[in-house]
Amino acid sequence: MDIRLSQCFIAVDDHDQALAFYRDALGLEVRNDVAFEGMRWVTLGSPSQPEVEIVLEPPLADPGASPADRRTMAELLAKGMLRGVIFATDDCDATFERIRASGAEVLQEPIDQPYGVRDCAFRDPAGNMLRFAQRAGA
């Protein structure tokens, strides 16, 4: 049995800002942009990984969610409490400089970690933490 990652979801509060960041600063390609029941989903991916997609979705993508639950999720997103993703890169320092030049909020400059990667971290426009990791020796 072969199990592979197909999609992951990142909550965003402004799809246009998020799209500019993920497409323009990170270089991901837009694969789909769908509106449904007052919500929007934008699917992006790396050209080098056509089988993996990142879906930018509302903080609570459930049309039946209560207003209180929507507020709670929006508050958690604003605090940066929802999980982001870790991207692999073959050059952490160059990736860092490219993303920093876009004006993204820097959380951590490139550093060699004791667990075998060199990584850096940013916040996307919605407050999600994104890490960019280069394996040691890569």
# chains A, B, ... in the order shown; residues from 1 in each chain; ligands from 1

$ residues_around --residues "Ile10 of chain A" --least-positions-apart "6" --cutoff "9 Å" --atoms "only C-alpha atoms" --output "list in words"
Ile54, Val55, Leu56, Glu57, Pro58, Pro59, Leu82, Arg83, Gly84, Val85 and Asn128 of chain A

$ closest_residue --among "A:Phe36, A:Phe9, A:Phe122, A:Phe96" --to "Pro110 of chain A" --atoms "only C-alpha atoms"
A:Phe96

$ atom_distance --atom1 "atom CA of Leu44 of chain A" --atom2 "atom CA of Val106 of chain A"
22.2 Å

$ select_by_dssp --residues "chain A" --states "alpha helix (DSSP H)" --output "short mmCIF file (atom, residue, chain, number, x, y, z; two decimals) with N, CA, C and O atoms, in the first residue's frame"
data_model
loop_
_atom_site.label_atom_id
_atom_site.label_comp_id
_atom_site.auth_asym_id
_atom_site.auth_seq_id
_atom_site.Cartn_x
_atom_site.Cartn_y
_atom_site.Cartn_z
N HIS A 15 -7.95 36.11 1.10
CA HIS A 15 -7.40 35.28 0.02
C HIS A 15 -6.53 36.07 -0.96
O HIS A 15 -5.55 35.53 -1.47
N ASP A 16 -6.87 37.31 -1.22
CA ASP A 16 -6.07 38.09 -2.17
C ASP A 16 -4.68 38.37 -1.62
O ASP A 16 -3.68 38.25 -2.33
N GLN A 17 -4.60 38.75 -0.33
CA GLN A 17 -3.28 38.95 0.29
C GLN A 17 -2.50 37.64 0.33
O GLN A 17 -1.30 37.61 0.03
N ALA A 18 -3.17 36.57 0.72
CA ALA A 18 -2.51 35.27 0.80
C ALA A 18 -2.04 34.81 -0.58
O ALA A 18 -0.93 34.29 -0.72
N LEU A 19 -2.87 35.02 -1.58
CA LEU A 19 -2.52 34.64 -2.94
C LEU A 19 -1.27 35.38 -3.40
O LEU A 19 -0.35 34.78 -3.97
N PRO A 67 -21.83 31.59 14.53
CA PRO A 67 -21.07 32.84 14.56
C PRO A 67 -20.00 32.84 15.67
O PRO A 67 -18.90 33.35 15.46
N ALA A 68 -20.29 32.24 16.81
CA ALA A 68 -19.31 32.18 17.90
C ALA A 68 -18.09 31.35 17.48
O ALA A 68 -16.95 31.73 17.77
N ASP A 69 -18.33 30.22 16.82
CA ASP A 69 -17.22 29.39 16.36
C ASP A 69 -16.39 30.12 15.30
O ASP A 69 -15.17 30.03 15.28
N ARG A 70 -17.05 30.85 14.43
CA ARG A 70 -16.33 31.63 13.41
C ARG A 70 -15.44 32.69 14.06
O ARG A 70 -14.30 32.89 13.65
N ARG A 71 -15.98 33.37 15.06
CA ARG A 71 -15.20 34.38 15.77
C ARG A 71 -13.99 33.74 16.46
O ARG A 71 -12.88 34.28 16.42
N THR A 72 -14.20 32.60 17.10
CA THR A 72 -13.11 31.92 17.80
C THR A 72 -12.00 31.55 16.83
O THR A 72 -10.81 31.77 17.11
N MET A 73 -12.36 30.98 15.69
CA MET A 73 -11.34 30.60 14.70
C MET A 73 -10.62 31.83 14.15
O MET A 73 -9.40 31.80 13.96
N ALA A 74 -11.35 32.90 13.90
CA ALA A 74 -10.72 34.13 13.40
C ALA A 74 -9.75 34.69 14.44
O ALA A 74 -8.66 35.16 14.09
N GLU A 75 -10.11 34.60 15.71
CA GLU A 75 -9.23 35.08 16.78
C GLU A 75 -7.97 34.22 16.88
O GLU A 75 -6.87 34.74 17.05
N LEU A 76 -8.13 32.91 16.77
CA LEU A 76 -6.96 32.02 16.81
C LEU A 76 -6.04 32.28 15.63
O LEU A 76 -4.82 32.29 15.78
N LEU A 77 -6.62 32.48 14.46
CA LEU A 77 -5.82 32.79 13.28
C LEU A 77 -5.05 34.09 13.48
O LEU A 77 -3.85 34.17 13.21
N ALA A 78 -5.74 35.12 13.98
CA ALA A 78 -5.10 36.42 14.20
C ALA A 78 -3.92 36.33 15.18
O ALA A 78 -2.95 37.08 15.07
N CYS A 92 18.38 27.33 1.82
CA CYS A 92 17.65 28.06 2.86
C CYS A 92 17.98 29.55 2.84
O CYS A 92 17.08 30.39 2.97
N ASP A 93 19.24 29.89 2.67
CA ASP A 93 19.64 31.29 2.72
C ASP A 93 19.06 32.10 1.56
O ASP A 93 18.57 33.21 1.75
N ALA A 94 19.10 31.54 0.36
CA ALA A 94 18.53 32.23 -0.80
C ALA A 94 17.01 32.34 -0.67
O ALA A 94 16.43 33.38 -0.99
N THR A 95 16.38 31.28 -0.16
CA THR A 95 14.93 31.31 0.05
C THR A 95 14.59 32.39 1.07
O THR A 95 13.65 33.17 0.87
N PHE A 96 15.36 32.46 2.14
CA PHE A 96 15.14 33.48 3.16
C PHE A 96 15.21 34.88 2.56
O PHE A 96 14.34 35.72 2.80
N GLU A 97 16.25 35.15 1.78
CA GLU A 97 16.43 36.49 1.20
C GLU A 97 15.28 36.84 0.26
O GLU A 97 14.80 37.97 0.26
N ARG A 98 14.84 35.88 -0.53
CA ARG A 98 13.73 36.13 -1.47
C ARG A 98 12.45 36.48 -0.72
O ARG A 98 11.75 37.43 -1.07
N ILE A 99 12.14 35.71 0.32
CA ILE A 99 10.89 35.94 1.05
C ILE A 99 10.99 37.22 1.88
O ILE A 99 10.04 38.00 1.95
N ARG A 100 12.14 37.46 2.49
CA ARG A 100 12.32 38.69 3.27
C ARG A 100 12.16 39.92 2.37
O ARG A 100 11.54 40.90 2.75
N ALA A 101 12.67 39.83 1.14
CA ALA A 101 12.56 40.96 0.21
C ALA A 101 11.11 41.26 -0.15
O ALA A 101 10.79 42.38 -0.55
#

$ closest_residue --among "A:Ala136, A:Leu5, A:Ile86, A:Met81" --to "Cys120 of chain A" --atoms "only C-alpha atoms"
A:Ile86

$ closest_residue --among "A:Arg4, A:Arg40, A:Arg31, A:Arg135" --to "Arg118 of chain A" --atoms "only C-alpha atoms"
A:Arg135

$ closest_residue --among "A:Val117, A:Met39, A:Leu107, A:Ile3" --to "Gly80 of chain A" --atoms "only C-alpha atoms"
A:Leu107

$ select_by_dssp --residues "chain A" --states "strand (DSSP E or B)" --output "PDB file with N, CA, C and O atoms, in the first residue's frame"
ATOM      1  N   GLN A   7      -3.082  16.818  -0.421  1.00  0.00           N
ATOM      2  CA  GLN A   7      -3.443  18.210  -0.148  1.00  0.00           C
ATOM      3  C   GLN A   7      -3.214  18.523   1.320  1.00  0.00           C
ATOM      4  O   GLN A   7      -3.331  17.657   2.180  1.00  0.00           O
ATOM      5  N   CYS A   8      -2.914  19.784   1.589  1.00  0.00           N
ATOM      6  CA  CYS A   8      -2.928  20.298   2.952  1.00  0.00           C
ATOM      7  C   CYS A   8      -3.652  21.636   2.911  1.00  0.00           C
ATOM      8  O   CYS A   8      -3.761  22.265   1.855  1.00  0.00           O
ATOM      9  N   PHE A   9      -4.175  22.045   4.047  1.00  0.00           N
ATOM     10  CA  PHE A   9      -5.013  23.232   4.115  1.00  0.00           C
ATOM     11  C   PHE A   9      -4.392  24.261   5.039  1.00  0.00           C
ATOM     12  O   PHE A   9      -3.898  23.920   6.116  1.00  0.00           O
ATOM     13  N   ILE A  10      -4.436  25.512   4.611  1.00  0.00           N
ATOM     14  CA  ILE A  10      -3.954  26.627   5.413  1.00  0.00           C
ATOM     15  C   ILE A  10      -5.089  27.645   5.501  1.00  0.00           C
ATOM     16  O   ILE A  10      -5.624  28.081   4.477  1.00  0.00           O
ATOM     17  N   ALA A  11      -5.443  28.011   6.721  1.00  0.00           N
ATOM     18  CA  ALA A  11      -6.507  28.991   6.934  1.00  0.00           C
ATOM     19  C   ALA A  11      -5.974  30.396   6.676  1.00  0.00           C
ATOM     20  O   ALA A  11      -4.888  30.751   7.136  1.00  0.00           O
ATOM     21  N   GLU A  29       2.334  28.011  -8.022  1.00  0.00           N
ATOM     22  CA  GLU A  29       1.415  28.258  -9.125  1.00  0.00           C
ATOM     23  C   GLU A  29      -0.021  28.054  -8.661  1.00  0.00           C
ATOM     24  O   GLU A  29      -0.309  27.165  -7.866  1.00  0.00           O
ATOM     25  N   VAL A  30      -0.909  28.900  -9.172  1.00  0.00           N
ATOM     26  CA  VAL A  30      -2.332  28.776  -8.855  1.00  0.00           C
ATOM     27  C   VAL A  30      -2.913  27.667  -9.721  1.00  0.00           C
ATOM     28  O   VAL A  30      -2.755  27.669 -10.936  1.00  0.00           O
ATOM     29  N   ARG A  31      -3.593  26.739  -9.070  1.00  0.00           N
ATOM     30  CA  ARG A  31      -4.192  25.618  -9.795  1.00  0.00           C
ATOM     31  C   ARG A  31      -5.708  25.689  -9.840  1.00  0.00           C
ATOM     32  O   ARG A  31      -6.327  25.113 -10.730  1.00  0.00           O
ATOM     33  N   ASN A  32      -6.300  26.358  -8.882  1.00  0.00           N
ATOM     34  CA  ASN A  32      -7.757  26.469  -8.854  1.00  0.00           C
ATOM     35  C   ASN A  32      -8.147  27.622  -7.934  1.00  0.00           C
ATOM     36  O   ASN A  32      -7.442  27.920  -6.975  1.00  0.00           O
ATOM     37  N   ASP A  33      -9.261  28.255  -8.224  1.00  0.00           N
ATOM     38  CA  ASP A  33      -9.792  29.351  -7.409  1.00  0.00           C
ATOM     39  C   ASP A  33     -11.309  29.204  -7.453  1.00  0.00           C
ATOM     40  O   ASP A  33     -11.927  29.449  -8.485  1.00  0.00           O
ATOM     41  N   VAL A  34     -11.895  28.779  -6.338  1.00  0.00           N
ATOM     42  CA  VAL A  34     -13.305  28.415  -6.307  1.00  0.00           C
ATOM     43  C   VAL A  34     -14.041  29.174  -5.213  1.00  0.00           C
ATOM     44  O   VAL A  34     -13.558  29.259  -4.083  1.00  0.00           O
ATOM     45  N   ALA A  35     -15.201  29.694  -5.552  1.00  0.00           N
ATOM     46  CA  ALA A  35     -16.093  30.304  -4.568  1.00  0.00           C
ATOM     47  C   ALA A  35     -17.312  29.399  -4.432  1.00  0.00           C
ATOM     48  O   ALA A  35     -17.832  28.878  -5.417  1.00  0.00           O
ATOM     49  N   PHE A  36     -17.757  29.210  -3.162  1.00  0.00           N
ATOM     50  CA  PHE A  36     -18.903  28.348  -2.908  1.00  0.00           C
ATOM     51  C   PHE A  36     -19.525  28.735  -1.574  1.00  0.00           C
ATOM     52  O   PHE A  36     -18.826  28.828  -0.568  1.00  0.00           O
ATOM     53  N   MET A  39     -17.866  31.370   0.514  1.00  0.00           N
ATOM     54  CA  MET A  39     -16.475  31.120   0.898  1.00  0.00           C
ATOM     55  C   MET A  39     -15.622  30.953  -0.354  1.00  0.00           C
ATOM     56  O   MET A  39     -16.142  30.820  -1.446  1.00  0.00           O
ATOM     57  N   ARG A  40     -14.310  30.966  -0.154  1.00  0.00           N
ATOM     58  CA  ARG A  40     -13.385  30.863  -1.281  1.00  0.00           C
ATOM     59  C   ARG A  40     -12.248  29.915  -0.917  1.00  0.00           C
ATOM     60  O   ARG A  40     -11.741  29.931   0.203  1.00  0.00           O
ATOM     61  N   TRP A  41     -11.855  29.105  -1.873  1.00  0.00           N
ATOM     62  CA  TRP A  41     -10.711  28.215  -1.738  1.00  0.00           C
ATOM     63  C   TRP A  41      -9.789  28.470  -2.923  1.00  0.00           C
ATOM     64  O   TRP A  41     -10.224  28.489  -4.070  1.00  0.00           O
ATOM     65  N   VAL A  42      -8.504  28.664  -2.651  1.00  0.00           N
ATOM     66  CA  VAL A  42      -7.503  28.819  -3.705  1.00  0.00           C
ATOM     67  C   VAL A  42      -6.500  27.682  -3.536  1.00  0.00           C
ATOM     68  O   VAL A  42      -5.945  27.488  -2.457  1.00  0.00           O
ATOM     69  N   THR A  43      -6.302  26.935  -4.605  1.00  0.00           N
ATOM     70  CA  THR A  43      -5.381  25.809  -4.583  1.00  0.00           C
ATOM     71  C   THR A  43      -4.106  26.199  -5.324  1.00  0.00           C
ATOM     72  O   THR A  43      -4.166  26.724  -6.434  1.00  0.00           O
ATOM     73  N   LEU A  44      -2.971  25.963  -4.668  1.00  0.00           N
ATOM     74  CA  LEU A  44      -1.666  26.278  -5.241  1.00  0.00           C
ATOM     75  C   LEU A  44      -0.747  25.081  -5.100  1.00  0.00           C
ATOM     76  O   LEU A  44      -1.017  24.172  -4.312  1.00  0.00           O
ATOM     77  N   GLY A  45       0.353  25.121  -5.818  1.00  0.00           N
ATOM     78  CA  GLY A  45       1.341  24.064  -5.679  1.00  0.00           C
ATOM     79  C   GLY A  45       2.649  24.448  -6.320  1.00  0.00           C
ATOM     80  O   GLY A  45       2.725  25.398  -7.103  1.00  0.00           O
ATOM     81  N   GLU A  53      -0.917  19.636  -3.370  1.00  0.00           N
ATOM     82  CA  GLU A  53      -1.600  20.931  -3.437  1.00  0.00           C
ATOM     83  C   GLU A  53      -1.769  21.529  -2.037  1.00  0.00           C
ATOM     84  O   GLU A  53      -2.008  20.808  -1.068  1.00  0.00           O
ATOM     85  N   ILE A  54      -1.639  22.835  -1.977  1.00  0.00           N
ATOM     86  CA  ILE A  54      -1.925  23.595  -0.766  1.00  0.00           C
ATOM     87  C   ILE A  54      -3.210  24.358  -1.029  1.00  0.00           C
ATOM     88  O   ILE A  54      -3.326  25.066  -2.031  1.00  0.00           O
ATOM     89  N   VAL A  55      -4.176  24.199  -0.142  1.00  0.00           N
ATOM     90  CA  VAL A  55      -5.469  24.866  -0.299  1.00  0.00           C
ATOM     91  C   VAL A  55      -5.571  25.976   0.737  1.00  0.00           C
ATOM     92  O   VAL A  55      -5.482  25.724   1.938  1.00  0.00           O
ATOM     93  N   LEU A  56      -5.739  27.190   0.256  1.00  0.00           N
ATOM     94  CA  LEU A  56      -5.978  28.331   1.139  1.00  0.00           C
ATOM     95  C   LEU A  56      -7.480  28.395   1.359  1.00  0.00           C
ATOM     96  O   LEU A  56      -8.245  28.533   0.409  1.00  0.00           O
ATOM     97  N   GLU A  57      -7.891  28.268   2.605  1.00  0.00           N
ATOM     98  CA  GLU A  57      -9.313  28.192   2.918  1.00  0.00           C
ATOM     99  C   GLU A  57      -9.676  29.189   4.016  1.00  0.00           C
ATOM    100  O   GLU A  57      -8.802  29.689   4.715  1.00  0.00           O
ATOM    101  N   ILE A  86       5.667  23.227   6.665  1.00  0.00           N
ATOM    102  CA  ILE A  86       7.114  23.298   6.515  1.00  0.00           C
ATOM    103  C   ILE A  86       7.426  22.965   5.055  1.00  0.00           C
ATOM    104  O   ILE A  86       7.020  21.917   4.555  1.00  0.00           O
ATOM    105  N   PHE A  87       8.099  23.870   4.397  1.00  0.00           N
ATOM    106  CA  PHE A  87       8.515  23.679   3.015  1.00  0.00           C
ATOM    107  C   PHE A  87       9.964  23.200   2.992  1.00  0.00           C
ATOM    108  O   PHE A  87      10.775  23.639   3.805  1.00  0.00           O
ATOM    109  N   ALA A  88      10.301  22.356   2.042  1.00  0.00           N
ATOM    110  CA  ALA A  88      11.685  21.949   1.813  1.00  0.00           C
ATOM    111  C   ALA A  88      12.283  22.881   0.772  1.00  0.00           C
ATOM    112  O   ALA A  88      11.608  23.298  -0.163  1.00  0.00           O
ATOM    113  N   GLU A 105       6.883  38.969   7.301  1.00  0.00           N
ATOM    114  CA  GLU A 105       7.347  39.070   8.684  1.00  0.00           C
ATOM    115  C   GLU A 105       8.312  37.927   8.990  1.00  0.00           C
ATOM    116  O   GLU A 105       7.947  36.756   8.925  1.00  0.00           O
ATOM    117  N   VAL A 106       9.534  38.262   9.357  1.00  0.00           N
ATOM    118  CA  VAL A 106      10.554  37.279   9.698  1.00  0.00           C
ATOM    119  C   VAL A 106      10.357  36.823  11.144  1.00  0.00           C
ATOM    120  O   VAL A 106      10.281  37.644  12.049  1.00  0.00           O
ATOM    121  N   LEU A 107      10.288  35.520  11.346  1.00  0.00           N
ATOM    122  CA  LEU A 107      10.232  34.965  12.701  1.00  0.00           C
ATOM    123  C   LEU A 107      11.582  34.410  13.129  1.00  0.00           C
ATOM    124  O   LEU A 107      11.931  34.446  14.299  1.00  0.00           O
ATOM    125  N   GLN A 108      12.335  33.870  12.149  1.00  0.00           N
ATOM    126  CA  GLN A 108      13.642  33.295  12.460  1.00  0.00           C
ATOM    127  C   GLN A 108      14.528  33.371  11.231  1.00  0.00           C
ATOM    128  O   GLN A 108      14.143  32.918  10.153  1.00  0.00           O
ATOM    129  N   GLU A 109      15.680  33.953  11.382  1.00  0.00           N
ATOM    130  CA  GLU A 109      16.659  33.962  10.297  1.00  0.00           C
ATOM    131  C   GLU A 109      17.246  32.556  10.144  1.00  0.00           C
ATOM    132  O   GLU A 109      17.117  31.736  11.052  1.00  0.00           O
ATOM    133  N   PRO A 110      17.892  32.262   9.026  1.00  0.00           N
ATOM    134  CA  PRO A 110      18.451  30.923   8.830  1.00  0.00           C
ATOM    135  C   PRO A 110      19.394  30.526   9.961  1.00  0.00           C
ATOM    136  O   PRO A 110      20.241  31.313  10.395  1.00  0.00           O
ATOM    137  N   ILE A 111      19.214  29.294  10.434  1.00  0.00           N
ATOM    138  CA  ILE A 111      20.035  28.765  11.515  1.00  0.00           C
ATOM    139  C   ILE A 111      20.166  27.254  11.337  1.00  0.00           C
ATOM    140  O   ILE A 111      19.251  26.594  10.845  1.00  0.00           O
ATOM    141  N   ASP A 112      21.332  26.730  11.711  1.00  0.00           N
ATOM    142  CA  ASP A 112      21.544  25.280  11.686  1.00  0.00           C
ATOM    143  C   ASP A 112      20.929  24.693  12.951  1.00  0.00           C
ATOM    144  O   ASP A 112      21.304  25.080  14.068  1.00  0.00           O
ATOM    145  N   VAL A 117      18.794  20.100  10.059  1.00  0.00           N
ATOM    146  CA  VAL A 117      18.355  20.987   8.987  1.00  0.00           C
ATOM    147  C   VAL A 117      18.855  22.395   9.256  1.00  0.00           C
ATOM    148  O   VAL A 117      19.181  22.762  10.387  1.00  0.00           O
ATOM    149  N   ARG A 118      18.923  23.165   8.216  1.00  0.00           N
ATOM    150  CA  ARG A 118      19.109  24.613   8.319  1.00  0.00           C
ATOM    151  C   ARG A 118      17.756  25.174   7.928  1.00  0.00           C
ATOM    152  O   ARG A 118      17.215  24.832   6.876  1.00  0.00           O
ATOM    153  N   ASP A 119      17.173  26.003   8.796  1.00  0.00           N
ATOM    154  CA  ASP A 119      15.836  26.500   8.476  1.00  0.00           C
ATOM    155  C   ASP A 119      15.648  27.944   8.889  1.00  0.00           C
ATOM    156  O   ASP A 119      16.482  28.537   9.579  1.00  0.00           O
ATOM    157  N   CYS A 120      14.549  28.501   8.396  1.00  0.00           N
ATOM    158  CA  CYS A 120      14.136  29.860   8.731  1.00  0.00           C
ATOM    159  C   CYS A 120      12.617  29.853   8.826  1.00  0.00           C
ATOM    160  O   CYS A 120      11.970  28.874   8.444  1.00  0.00           O
ATOM    161  N   ALA A 121      12.057  30.935   9.359  1.00  0.00           N
ATOM    162  CA  ALA A 121      10.603  30.959   9.525  1.00  0.00           C
ATOM    163  C   ALA A 121      10.053  32.361   9.287  1.00  0.00           C
ATOM    164  O   ALA A 121      10.702  33.363   9.584  1.00  0.00           O
ATOM    165  N   PHE A 122       8.844  32.381   8.749  1.00  0.00           N
ATOM    166  CA  PHE A 122       8.109  33.612   8.455  1.00  0.00           C
ATOM    167  C   PHE A 122       6.660  33.444   8.887  1.00  0.00           C
ATOM    168  O   PHE A 122       6.196  32.336   9.113  1.00  0.00           O
ATOM    169  N   ARG A 123       5.948  34.565   8.928  1.00  0.00           N
ATOM    170  CA  ARG A 123       4.493  34.534   9.043  1.00  0.00           C
ATOM    171  C   ARG A 123       3.922  34.931   7.690  1.00  0.00           C
ATOM    172  O   ARG A 123       4.431  35.837   7.035  1.00  0.00           O
ATOM    173  N   MET A 129       2.536  30.457  10.747  1.00  0.00           N
ATOM    174  CA  MET A 129       3.977  30.285  10.701  1.00  0.00           C
ATOM    175  C   MET A 129       4.342  29.300   9.591  1.00  0.00           C
ATOM    176  O   MET A 129       3.757  28.222   9.491  1.00  0.00           O
ATOM    177  N   LEU A 130       5.285  29.696   8.764  1.00  0.00           N
ATOM    178  CA  LEU A 130       5.800  28.850   7.697  1.00  0.00           C
ATOM    179  C   LEU A 130       7.292  28.684   7.910  1.00  0.00           C
ATOM    180  O   LEU A 130       8.002  29.671   8.124  1.00  0.00           O
ATOM    181  N   ARG A 131       7.764  27.447   7.843  1.00  0.00           N
ATOM    182  CA  ARG A 131       9.195  27.182   7.976  1.00  0.00           C
ATOM    183  C   ARG A 131       9.720  26.707   6.621  1.00  0.00           C
ATOM    184  O   ARG A 131       8.997  26.071   5.858  1.00  0.00           O
ATOM    185  N   PHE A 132      10.980  26.994   6.365  1.00  0.00           N
ATOM    186  CA  PHE A 132      11.649  26.601   5.126  1.00  0.00           C
ATOM    187  C   PHE A 132      12.933  25.893   5.530  1.00  0.00           C
ATOM    188  O   PHE A 132      13.821  26.506   6.114  1.00  0.00           O
ATOM    189  N   ALA A 133      13.000  24.591   5.253  1.00  0.00           N
ATOM    190  CA  ALA A 133      14.075  23.753   5.764  1.00  0.00           C
ATOM    191  C   ALA A 133      14.917  23.167   4.641  1.00  0.00           C
ATOM    192  O   ALA A 133      14.411  22.687   3.642  1.00  0.00           O
ATOM    193  N   GLN A 134      16.227  23.203   4.874  1.00  0.00           N
ATOM    194  CA  GLN A 134      17.198  22.585   3.971  1.00  0.00           C
ATOM    195  C   GLN A 134      17.895  21.483   4.772  1.00  0.00           C
ATOM    196  O   GLN A 134      18.438  21.742   5.840  1.00  0.00           O
ATOM    197  N   ARG A 135      17.857  20.281   4.266  1.00  0.00           N
ATOM    198  CA  ARG A 135      18.509  19.146   4.955  1.00  0.00           C
ATOM    199  C   ARG A 135      20.027  19.362   4.965  1.00  0.00           C
ATOM    200  O   ARG A 135      20.599  19.881   4.002  1.00  0.00           O
TER     201      ARG A 135
END

$ atom_distance --atom1 "atom CA of Phe21 of chain A" --atom2 "atom CA of Pro47 of chain A"
16.2 Å
